[in-house]
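Have a look at target-v7.txt below; it lists compact mmCIF, C-alpha atoms.
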```
# COMPACT_ATOMS: atom_id res chain seq x y z
CA MET A 24 83.62 58.26 113.07
CA LYS A 25 83.83 54.84 114.69
CA HIS A 26 81.14 52.29 115.46
CA ARG A 27 81.62 49.17 117.57
CA TRP A 28 79.75 45.92 118.08
CA ILE A 29 80.21 42.83 120.24
CA PHE A 30 78.79 39.30 120.01
CA LEU A 31 78.81 36.86 122.92
CA PRO A 32 77.83 33.22 122.37
CA PRO A 33 74.33 32.43 123.71
CA GLY A 34 74.44 31.47 127.38
CA ALA A 35 78.01 32.71 127.82
CA SER A 36 79.26 35.50 130.08
CA ILE A 37 82.38 37.62 130.61
CA ASP A 38 84.60 36.69 133.55
CA VAL A 39 85.18 40.04 135.29
CA THR A 40 87.03 38.66 138.33
CA ARG A 41 90.03 40.84 137.45
CA MET A 42 88.95 44.41 136.75
CA ASP A 43 91.69 45.08 134.19
CA GLU A 44 91.77 41.68 132.52
CA TRP A 45 88.30 40.54 131.58
CA ASP A 46 88.22 36.99 130.24
CA PHE A 47 85.88 36.67 127.27
CA PRO A 48 84.22 33.36 126.35
CA VAL A 49 85.34 31.38 123.32
CA GLY A 50 83.27 32.53 120.36
CA THR A 51 83.31 36.21 121.30
CA LYS A 52 83.49 38.52 118.28
CA LEU A 53 84.09 42.26 118.24
CA TRP A 54 84.02 44.71 115.33
CA LYS A 55 85.16 48.32 114.94
CA GLU A 56 84.24 50.31 111.86
CA PHE A 57 86.08 53.43 110.66
CA ALA A 58 84.36 56.05 108.49
CA PHE A 59 85.82 59.28 107.12
CA GLY A 60 83.72 62.02 105.57
CA GLY A 61 80.65 59.79 105.79
CA ARG A 62 82.32 56.96 103.88
CA ARG A 63 83.08 53.60 105.45
CA ALA A 64 86.74 52.74 105.01
CA GLU A 65 87.59 49.78 107.25
CA THR A 66 85.99 47.24 109.57
CA ARG A 67 88.22 45.35 111.99
CA MET A 68 87.25 42.05 113.58
CA LEU A 69 88.56 40.28 116.66
CA TRP A 70 87.36 36.69 117.18
CA LYS A 71 88.21 34.41 120.09
CA THR A 72 88.52 30.93 118.62
CA GLY A 73 90.17 29.15 121.55
CA ALA A 74 91.06 29.53 125.21
CA ASP A 75 94.23 31.47 124.33
CA GLN A 76 93.69 32.12 120.65
CA TRP A 77 92.33 35.21 118.87
CA VAL A 78 91.93 35.82 115.16
CA PHE A 79 92.55 39.35 113.85
CA ALA A 80 91.17 40.54 110.51
CA SER A 81 90.51 43.82 108.70
CA TYR A 82 88.13 44.44 105.80
CA ALA A 83 88.47 47.29 103.30
CA TRP A 84 85.27 48.90 101.94
CA ASN A 85 84.86 49.84 98.31
CA ALA A 86 84.28 53.48 97.35
CA ALA A 87 80.51 52.96 97.12
CA GLY A 88 80.34 51.48 100.60
CA THR A 89 78.48 48.43 99.30
CA ASP A 90 81.03 45.69 99.91
CA ALA A 91 84.16 44.99 101.95
CA THR A 92 86.96 42.55 101.22
CA LEU A 93 89.57 41.00 103.50
CA ALA A 94 92.68 43.17 103.63
CA PRO A 95 96.13 41.57 103.15
CA GLN A 96 97.84 40.35 106.31
CA ASP A 97 100.61 42.93 105.78
CA GLY A 98 98.07 45.76 105.70
CA LEU A 99 96.73 48.16 103.08
CA PRO A 100 98.22 51.65 102.83
CA GLY A 101 96.22 54.63 101.60
CA ALA A 102 92.81 53.08 102.25
CA ALA A 103 91.05 56.44 102.72
CA GLU A 104 91.91 60.14 102.77
CA VAL A 105 91.39 61.60 106.25
CA ALA A 106 92.81 65.07 105.57
CA PRO A 107 94.21 66.76 102.44
CA GLY A 108 97.13 64.57 101.39
CA VAL A 109 96.92 62.42 104.54
CA PHE A 110 95.65 58.86 104.31
CA HIS A 111 94.38 56.17 106.65
CA ASP A 112 96.34 52.91 106.43
CA ILE A 113 94.77 49.58 107.31
CA PRO A 114 97.28 48.01 109.73
CA SER A 115 98.99 44.68 109.31
CA ILE A 116 98.08 41.77 111.56
CA ASP A 117 101.43 42.18 113.35
CA GLN A 118 100.60 45.83 114.07
CA CYS A 119 97.21 44.81 115.46
CA ARG A 120 98.85 42.32 117.78
CA ALA A 121 101.45 44.88 118.88
CA CYS A 122 98.71 46.90 120.57
CA HIS A 123 96.25 44.24 121.60
CA VAL A 124 98.66 41.71 123.05
CA ALA A 125 100.74 44.31 124.92
CA ARG A 126 98.10 44.49 127.62
CA ARG A 127 97.98 40.73 128.14
CA THR A 128 94.28 40.84 127.29
CA GLU A 129 93.36 41.22 123.66
CA VAL A 130 90.15 43.27 123.90
CA LEU A 131 90.72 47.03 124.20
CA GLY A 132 88.18 49.77 124.85
CA PHE A 133 85.62 47.44 126.43
CA ASN A 134 86.24 47.84 130.16
CA VAL A 135 84.84 49.16 133.43
CA LEU A 136 85.71 52.78 132.66
CA GLN A 137 84.54 52.97 129.08
CA LEU A 138 81.32 51.13 129.88
CA SER A 139 80.58 53.02 133.10
CA THR A 140 77.32 54.94 133.22
CA ASP A 141 79.14 57.69 135.12
CA ARG A 142 80.12 59.40 131.87
CA ASP A 143 82.86 62.01 131.89
CA PRO A 144 81.32 65.19 130.41
CA LEU A 145 84.74 66.38 129.18
CA ALA A 146 85.87 63.06 127.71
CA ILE A 147 87.57 63.55 124.35
CA HIS A 148 85.42 62.40 121.39
CA ALA A 149 82.87 60.81 123.74
CA GLU A 150 79.42 59.88 122.51
CA PRO A 151 76.35 60.73 124.61
CA LEU A 152 74.79 57.77 126.38
CA GLU A 153 71.80 56.68 124.32
CA PRO A 154 69.25 53.84 124.59
CA GLY A 155 70.55 50.57 123.18
CA MET A 156 74.20 51.24 123.99
CA VAL A 157 76.10 48.56 125.92
CA THR A 158 77.04 49.61 129.45
CA LEU A 159 77.93 47.88 132.69
CA ALA A 160 74.28 48.23 133.65
CA THR A 161 73.00 46.47 130.52
CA LEU A 162 75.60 43.71 130.85
CA GLU A 163 74.66 43.13 134.49
CA THR A 164 70.93 43.21 133.77
CA ASP A 165 71.35 40.67 130.98
CA GLY A 166 73.40 38.37 133.22
CA LEU A 167 76.52 38.71 131.08
CA LEU A 168 78.98 39.46 133.90
CA ALA A 169 80.42 36.64 136.01
CA PRO A 170 80.46 36.88 138.89
CA SER A 171 77.40 39.09 139.04
CA SER A 172 78.55 42.64 139.77
CA PRO A 173 75.64 44.80 140.98
CA ASP A 174 78.07 47.15 142.73
CA LEU A 175 79.36 48.28 139.33
CA VAL A 176 75.83 49.48 138.61
CA ALA A 177 75.06 50.96 142.02
CA HIS A 178 78.45 52.69 142.15
CA PRO A 179 79.59 53.23 138.56
CA PRO A 180 83.39 53.36 138.24
CA ARG A 181 84.99 56.77 137.71
CA ILE A 182 88.51 58.14 137.70
CA ASP A 183 89.85 59.56 140.94
CA ALA A 184 90.76 63.18 140.10
CA ARG A 185 90.87 66.65 141.62
CA ASN A 186 88.99 68.47 138.87
CA PRO A 187 87.16 67.80 135.57
CA ASP A 188 90.21 68.49 133.38
CA GLU A 189 92.33 66.04 135.35
CA ARG A 190 89.66 63.38 135.12
CA ALA A 191 89.36 63.83 131.35
CA MET A 192 93.13 63.90 130.88
CA LEU A 193 93.61 60.64 132.78
CA GLY A 194 90.69 59.10 130.92
CA TYR A 195 92.32 59.95 127.61
CA LEU A 196 95.57 58.31 128.73
CA ALA A 197 93.67 55.23 129.92
CA GLY A 198 91.90 54.84 126.59
CA ASN A 199 94.79 55.66 124.28
CA CYS A 200 97.95 54.75 126.17
CA GLY A 201 97.03 52.29 128.93
CA ALA A 202 97.04 49.31 126.56
CA CYS A 203 100.83 49.49 126.46
CA HIS A 204 101.69 51.56 129.53
CA ASN A 205 100.63 49.36 132.42
CA ARG A 206 102.06 47.10 135.10
CA ALA A 207 101.45 43.89 133.12
CA SER A 208 103.16 44.88 129.86
CA ASP A 209 106.76 44.81 128.71
CA LEU A 210 106.82 48.59 129.22
CA ALA A 211 106.08 48.30 132.95
CA PRO A 212 109.66 49.31 133.91
CA LEU A 213 109.01 52.76 132.42
CA GLY A 214 106.73 53.45 135.38
CA LEU A 215 103.74 54.79 133.42
CA HIS A 216 100.65 52.91 134.58
CA TRP A 217 97.36 54.06 133.07
CA ARG A 218 95.05 51.07 133.24
CA PRO A 219 91.50 51.64 134.55
CA ALA A 220 91.98 49.99 137.96
CA GLU A 221 95.02 52.18 138.61
CA LEU A 222 93.14 55.38 137.82
CA ILE A 223 89.87 54.49 139.54
CA GLY A 224 91.58 54.14 142.90
CA HIS A 225 94.74 56.20 142.53
CA GLY A 226 94.14 58.78 139.81
CA VAL A 227 95.32 61.73 141.86
CA ASP A 228 98.51 59.91 142.86
CA THR A 229 99.10 58.98 139.22
CA ALA A 230 98.65 62.58 138.07
CA GLU A 231 101.08 63.82 140.71
CA ALA A 232 103.66 61.18 139.82
CA MET A 233 103.55 62.28 136.18
CA ALA A 234 104.94 65.68 137.17
CA SER A 235 108.11 64.21 138.65
CA HIS A 236 108.59 61.41 136.11
CA ARG A 237 111.76 61.70 134.00
CA THR A 238 111.72 60.07 130.58
CA LYS A 239 114.39 58.33 128.54
CA TRP A 240 113.06 60.12 125.48
CA GLN A 241 114.72 63.53 125.44
CA VAL A 242 113.12 66.83 124.41
CA PRO A 243 115.61 68.64 122.14
CA GLY A 244 117.44 71.39 124.01
CA VAL A 245 116.76 69.95 127.46
CA PRO A 246 119.85 68.61 129.29
CA ASP A 247 120.25 64.84 129.19
CA GLY A 248 118.32 63.15 131.96
CA GLU A 249 116.22 66.24 132.71
CA THR A 250 113.26 65.71 130.36
CA ARG A 251 110.04 65.22 132.29
CA LEU A 252 106.83 63.56 131.22
CA VAL A 253 105.01 66.75 132.19
CA ASP A 254 107.00 69.86 133.01
CA ILE A 255 104.90 72.10 135.24
CA ASP A 256 107.27 75.06 135.00
CA HIS A 257 107.77 74.75 131.25
CA PRO A 258 104.70 72.99 129.78
CA GLU A 259 105.99 73.20 126.20
CA GLN A 260 108.99 71.09 127.20
CA SER A 261 106.79 68.23 128.42
CA ALA A 262 107.61 64.96 126.69
CA LEU A 263 103.93 64.01 126.77
CA LEU A 264 102.90 67.05 124.72
CA ARG A 265 105.84 66.82 122.33
CA ARG A 266 105.09 63.21 121.46
CA MET A 267 101.34 63.76 121.15
CA ARG A 268 102.04 66.57 118.67
CA SER A 269 104.54 64.62 116.59
CA ARG A 270 103.53 62.38 113.68
CA ALA A 271 107.11 61.28 113.00
CA PRO A 272 107.12 57.45 113.15
CA ALA A 273 109.98 57.25 115.66
CA THR A 274 108.52 59.90 117.97
CA GLN A 275 104.74 60.04 117.85
CA MET A 276 102.44 58.75 120.56
CA PRO A 277 100.39 56.67 120.21
CA PRO A 278 102.97 55.01 117.93
CA LEU A 279 100.44 53.27 115.66
CA GLY A 280 97.04 53.96 114.17
CA THR A 281 97.17 57.77 113.98
CA VAL A 282 98.22 59.97 111.06
CA VAL A 283 96.88 63.32 112.26
CA ARG A 284 97.38 65.04 115.60
CA ASP A 285 94.51 64.91 118.08
CA GLN A 286 94.14 68.65 118.62
CA ASP A 287 91.35 68.25 121.19
CA ALA A 288 93.51 65.96 123.32
CA ILE A 289 96.52 68.26 123.00
CA ALA A 290 94.38 71.21 124.11
CA LEU A 291 93.07 69.24 127.09
CA VAL A 292 96.54 68.19 128.27
CA THR A 293 97.83 71.74 127.79
CA ARG A 294 94.92 73.12 129.81
CA TRP A 295 95.55 70.62 132.60
CA LEU A 296 99.24 71.48 132.64
CA THR A 297 98.66 75.21 132.91
CA THR A 298 95.89 75.02 135.51
CA ARG A 299 97.11 71.97 137.42
CA PRO A 300 96.01 71.85 141.10
CA GLU A 301 98.58 72.10 143.85
CA SER A 302 99.95 68.80 145.11
CA HIS A 303 98.32 67.41 148.20
```
Give the structure from this file in structure tokens form.
Amino acid sequence: MKHRWIFLPPGASIDVTRMDEWDFPVGTKLWKEFAFGGRRAETRMLWKTGADQWVFASYAWNAAGTDATLAPQDGLPGAAEVAPGVFHDIPSIDQCRACHVARRTEVLGFNVLQLSTDRDPLAIHAEPLEPGMVTLATLETDGLLAPSSPDLVAHPPRIDARNPDERAMLGYLAGNCGACHNRASDLAPLGLHWRPAELIGHGVDTAEAMASHRTKWQVPGVPDGETRLVDIDHPEQSALLRRMRSRAPATQMPPLGTVVRDQDAIALVTRWLTTRPESH
């Protein structure tokens, strides 16, 4: 279970001129809390202290859940058991930066797709929209978006897709992979672009391109140069599925922050692969 909070300095607003690179005011703070089996294990904090400066910190909770202390900068392994014999590690500051800075904007998971009121009913691990939750509508109503963006409320952003499974699959990639795989990161030459703006306007094109995309990472047994990101004829040979299933450090995707396979996401991608619509 995860809970998230955000603090904006009084009178400040978020510059949303660029859909994929919101500019947060100095003084912004964000927190994300991890709990396993009903027990709080870790709270992460992101604090903008200057125009181009962010502070990263993680706090480890005691077993009683009554107090949390600052974790070492090099991380804290074995902070909580998440499955029999499998433990959650609190990441190092360098690991935090590896994900957050890759996108050229430090805040992740707080964007036009994940705050849209047009909620994807098949979204993996999604929470139902409840009163008091932050959305584009609440941010606009409270005057926290600059420039004012009433169109985001009147026409809530959603992924361009041909069916519900495709929409959910692309949404999962946007939320879990788009931080690194996008046109602005060092991985741009790989050709995998899953940021929100890309999928809102060109989701179908992106999904089709995935089927013809060859990867440098090779599936064992497939001839060199022939491994595809998604293999329509042989779904089990898809690099995407193989890497989502792996928890080997040199192979798994996402590369950091996960110690167990996301079975719901694997099932969704498998379902999309086996029932994928014809190309247009």
query = Which of these, A:Met276, A:Val124, A:Ala64, A:Leu222, has the shortest distance to Ala91 in chain A once you count only C-alpha atoms?
reply =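 Smallest separation from Ala91 in chain A among the options: A:Ala64.
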message = If we count all atoms listed in the file and set the cut-off at 12 Å, which residues sit around range 72-87 of chain A, ignoring sequence neighbours fewer than 2 positions away in its own chain? Please answer as a ChimeraX atom specification.
response = /A:32,46-70,89-104,111-124,127-130
task = State, in Å with one decimal place, the distance from CA of Gly194 in chain A to CA of Leu136 in chain A.
result =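 Calculated distance between CA of Gly194 in chain A and CA of Leu136 in chain A is 8.2 Å.
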query = Near Ala220 in chain A, within 9 Å and counting only C-alpha atoms, which residues show up once chain neighbours fewer than 5 positions away are dropped, as a PyMOL selection string?
reply = chain A and resi 42-43+135-136+182+225
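The set of protein, DNA and RNA residues with any counted atom at most 10 Å from (76.4, 47.5, 129.3) (all atoms listed in the file) reads Phe133, Asn134, Val135, Gln137, Leu138, Ser139, Thr140, Gly155, Met156, Val157, Thr158, Leu159, Ala160, Thr161, Leu162, Glu163, Thr164, Asp165, Leu167, Leu168 and Val176 of chain A.
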inquiry  = What does the structure give for the distance between CA of Glu231 in chain A and CA of Asp254 in chain A, in Å to one decimal?
reply    = 11.4 Å
request  = Could you tell me how far CA of Ala149 in chain A lies from CA of Arg270 in chain A, in Å and to one decimal?
outcome  =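 Rounded to one decimal, the two atoms are 23.0 Å apart.
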message = Env of Ala202 in chain A: 8 Å cut, atoms = only C-alpha atoms, seq-sep filter 3 positions within chain, self excluded. Answer as a PyMOL selection string.
response = chain A and resi 122-123+125-126+131+197-199+205+218
ask   = Quick one: of A:Met192, A:Leu152, A:Ala207, A:Ile255, who's nearest to Leu296 in chain A, counting all atoms listed in the file?
value =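 So, comparing all the options, the nearest one is A:Ile255.
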Sphere at (81.6, 37.8, 138.0), radius 8 Å, counting only C-alpha atoms: residues as a ChimeraX atom specification = /A:37-40,168-172
Repair of range 99-133 of chain A at the level of N, CA and C atoms, as a PDB file, in the coordinates of the input:
```
ATOM      1  N   LEU A  99      97.126  47.509 104.324  1.00  0.00           N
ATOM      2  CA  LEU A  99      96.730  48.160 103.080  1.00  0.00           C
ATOM      3  C   LEU A  99      96.918  49.661 103.235  1.00  0.00           C
ATOM      4  N   PRO A 100      97.991  50.213 102.685  1.00  0.00           N
ATOM      5  CA  PRO A 100      98.220  51.650 102.830  1.00  0.00           C
ATOM      6  C   PRO A 100      97.275  52.475 101.956  1.00  0.00           C
ATOM      7  N   GLY A 101      97.019  53.700 102.401  1.00  0.00           N
ATOM      8  CA  GLY A 101      96.220  54.630 101.600  1.00  0.00           C
ATOM      9  C   GLY A 101      94.785  54.200 101.398  1.00  0.00           C
ATOM     10  N   ALA A 102      94.171  53.599 102.414  1.00  0.00           N
ATOM     11  CA  ALA A 102      92.810  53.080 102.250  1.00  0.00           C
ATOM     12  C   ALA A 102      91.763  54.189 102.151  1.00  0.00           C
ATOM     13  N   ALA A 103      92.015  55.338 102.768  1.00  0.00           N
ATOM     14  CA  ALA A 103      91.050  56.440 102.720  1.00  0.00           C
ATOM     15  C   ALA A 103      91.754  57.733 103.085  1.00  0.00           C
ATOM     16  N   GLU A 104      91.348  58.830 102.454  1.00  0.00           N
ATOM     17  CA  GLU A 104      91.910  60.140 102.770  1.00  0.00           C
ATOM     18  C   GLU A 104      91.217  60.708 103.988  1.00  0.00           C
ATOM     19  N   VAL A 105      91.976  61.086 105.011  1.00  0.00           N
ATOM     20  CA  VAL A 105      91.390  61.600 106.250  1.00  0.00           C
ATOM     21  C   VAL A 105      91.601  63.103 106.390  1.00  0.00           C
ATOM     22  N   ALA A 106      92.535  63.642 105.632  1.00  0.00           N
ATOM     23  CA  ALA A 106      92.810  65.070 105.570  1.00  0.00           C
ATOM     24  C   ALA A 106      93.527  65.288 104.245  1.00  0.00           C
ATOM     25  N   PRO A 107      93.552  66.526 103.734  1.00  0.00           N
ATOM     26  CA  PRO A 107      94.210  66.760 102.440  1.00  0.00           C
ATOM     27  C   PRO A 107      95.629  66.192 102.392  1.00  0.00           C
ATOM     28  N   GLY A 108      95.816  65.187 101.549  1.00  0.00           N
ATOM     29  CA  GLY A 108      97.130  64.570 101.390  1.00  0.00           C
ATOM     30  C   GLY A 108      97.532  63.612 102.488  1.00  0.00           C
ATOM     31  N   VAL A 109      96.629  63.333 103.431  1.00  0.00           N
ATOM     32  CA  VAL A 109      96.920  62.420 104.540  1.00  0.00           C
ATOM     33  C   VAL A 109      95.951  61.243 104.467  1.00  0.00           C
ATOM     34  N   PHE A 110      96.481  60.029 104.554  1.00  0.00           N
ATOM     35  CA  PHE A 110      95.650  58.860 104.310  1.00  0.00           C
ATOM     36  C   PHE A 110      95.657  57.884 105.492  1.00  0.00           C
ATOM     37  N   HIS A 111      94.535  57.231 105.656  1.00  0.00           N
ATOM     38  CA  HIS A 111      94.380  56.170 106.650  1.00  0.00           C
ATOM     39  C   HIS A 111      94.909  54.862 106.075  1.00  0.00           C
ATOM     40  N   ASP A 112      95.793  54.207 106.826  1.00  0.00           N
ATOM     41  CA  ASP A 112      96.340  52.910 106.430  1.00  0.00           C
ATOM     42  C   ASP A 112      95.672  51.817 107.241  1.00  0.00           C
ATOM     43  N   ILE A 113      95.255  50.759 106.584  1.00  0.00           N
ATOM     44  CA  ILE A 113      94.770  49.580 107.310  1.00  0.00           C
ATOM     45  C   ILE A 113      95.999  48.839 107.829  1.00  0.00           C
ATOM     46  N   PRO A 114      96.065  48.588 109.143  1.00  0.00           N
ATOM     47  CA  PRO A 114      97.280  48.010 109.730  1.00  0.00           C
ATOM     48  C   PRO A 114      97.471  46.543 109.356  1.00  0.00           C
ATOM     49  N   SER A 115      98.695  46.098 109.500  1.00  0.00           N
ATOM     50  CA  SER A 115      98.990  44.680 109.310  1.00  0.00           C
ATOM     51  C   SER A 115      98.532  43.905 110.553  1.00  0.00           C
ATOM     52  N   ILE A 116      98.455  42.603 110.422  1.00  0.00           N
ATOM     53  CA  ILE A 116      98.080  41.770 111.560  1.00  0.00           C
ATOM     54  C   ILE A 116      99.108  41.907 112.680  1.00  0.00           C
ATOM     55  N   ASP A 117     100.394  42.005 112.331  1.00  0.00           N
ATOM     56  CA  ASP A 117     101.430  42.180 113.350  1.00  0.00           C
ATOM     57  C   ASP A 117     101.251  43.496 114.098  1.00  0.00           C
ATOM     58  N   GLN A 118     100.853  44.550 113.402  1.00  0.00           N
ATOM     59  CA  GLN A 118     100.600  45.830 114.070  1.00  0.00           C
ATOM     60  C   GLN A 118      99.399  45.730 115.000  1.00  0.00           C
ATOM     61  N   CYS A 119      98.381  45.014 114.586  1.00  0.00           N
ATOM     62  CA  CYS A 119      97.210  44.810 115.460  1.00  0.00           C
ATOM     63  C   CYS A 119      97.633  44.124 116.747  1.00  0.00           C
ATOM     64  N   ARG A 120      98.412  43.068 116.602  1.00  0.00           N
ATOM     65  CA  ARG A 120      98.850  42.320 117.780  1.00  0.00           C
ATOM     66  C   ARG A 120      99.759  43.159 118.674  1.00  0.00           C
ATOM     67  N   ALA A 121     100.540  44.060 118.092  1.00  0.00           N
ATOM     68  CA  ALA A 121     101.450  44.880 118.880  1.00  0.00           C
ATOM     69  C   ALA A 121     100.709  45.682 119.933  1.00  0.00           C
ATOM     70  N   CYS A 122      99.508  46.139 119.601  1.00  0.00           N
ATOM     71  CA  CYS A 122      98.710  46.900 120.570  1.00  0.00           C
ATOM     72  C   CYS A 122      97.869  45.993 121.454  1.00  0.00           C
ATOM     73  N   HIS A 123      97.205  45.044 120.847  1.00  0.00           N
ATOM     74  CA  HIS A 123      96.250  44.240 121.600  1.00  0.00           C
ATOM     75  C   HIS A 123      96.906  43.264 122.567  1.00  0.00           C
ATOM     76  N   VAL A 124      98.029  42.708 122.193  1.00  0.00           N
ATOM     77  CA  VAL A 124      98.660  41.710 123.050  1.00  0.00           C
ATOM     78  C   VAL A 124      99.509  42.367 124.139  1.00  0.00           C
ATOM     79  N   ALA A 125      99.877  43.640 123.947  1.00  0.00           N
ATOM     80  CA  ALA A 125     100.740  44.310 124.920  1.00  0.00           C
ATOM     81  C   ALA A 125     100.109  44.373 126.295  1.00  0.00           C
ATOM     82  N   ARG A 126      98.796  44.346 126.347  1.00  0.00           N
ATOM     83  CA  ARG A 126      98.100  44.490 127.620  1.00  0.00           C
ATOM     84  C   ARG A 126      97.864  43.151 128.293  1.00  0.00           C
ATOM     85  N   ARG A 127      98.214  42.081 127.633  1.00  0.00           N
ATOM     86  CA  ARG A 127      97.980  40.730 128.140  1.00  0.00           C
ATOM     87  C   ARG A 127      96.488  40.375 128.182  1.00  0.00           C
ATOM     88  N   THR A 128      95.680  41.184 127.523  1.00  0.00           N
ATOM     89  CA  THR A 128      94.280  40.840 127.290  1.00  0.00           C
ATOM     90  C   THR A 128      93.920  41.502 125.978  1.00  0.00           C
ATOM     91  N   GLU A 129      93.422  40.736 125.027  1.00  0.00           N
ATOM     92  CA  GLU A 129      93.360  41.220 123.660  1.00  0.00           C
ATOM     93  C   GLU A 129      92.323  42.292 123.386  1.00  0.00           C
ATOM     94  N   VAL A 130      91.233  42.315 124.163  1.00  0.00           N
ATOM     95  CA  VAL A 130      90.150  43.270 123.900  1.00  0.00           C
ATOM     96  C   VAL A 130      90.486  44.616 124.532  1.00  0.00           C
ATOM     97  N   LEU A 131      90.454  45.669 123.729  1.00  0.00           N
ATOM     98  CA  LEU A 131      90.720  47.030 124.200  1.00  0.00           C
ATOM     99  C   LEU A 131      89.451  47.874 124.063  1.00  0.00           C
ATOM    100  N   GLY A 132      89.298  48.843 124.957  1.00  0.00           N
ATOM    101  CA  GLY A 132      88.180  49.770 124.850  1.00  0.00           C
ATOM    102  C   GLY A 132      86.851  49.228 125.327  1.00  0.00           C
ATOM    103  N   PHE A 133      86.848  48.043 125.910  1.00  0.00           N
ATOM    104  CA  PHE A 133      85.620  47.440 126.430  1.00  0.00           C
ATOM    105  C   PHE A 133      85.933  47.057 127.862  1.00  0.00           C
TER     106      PHE A 133
END
```
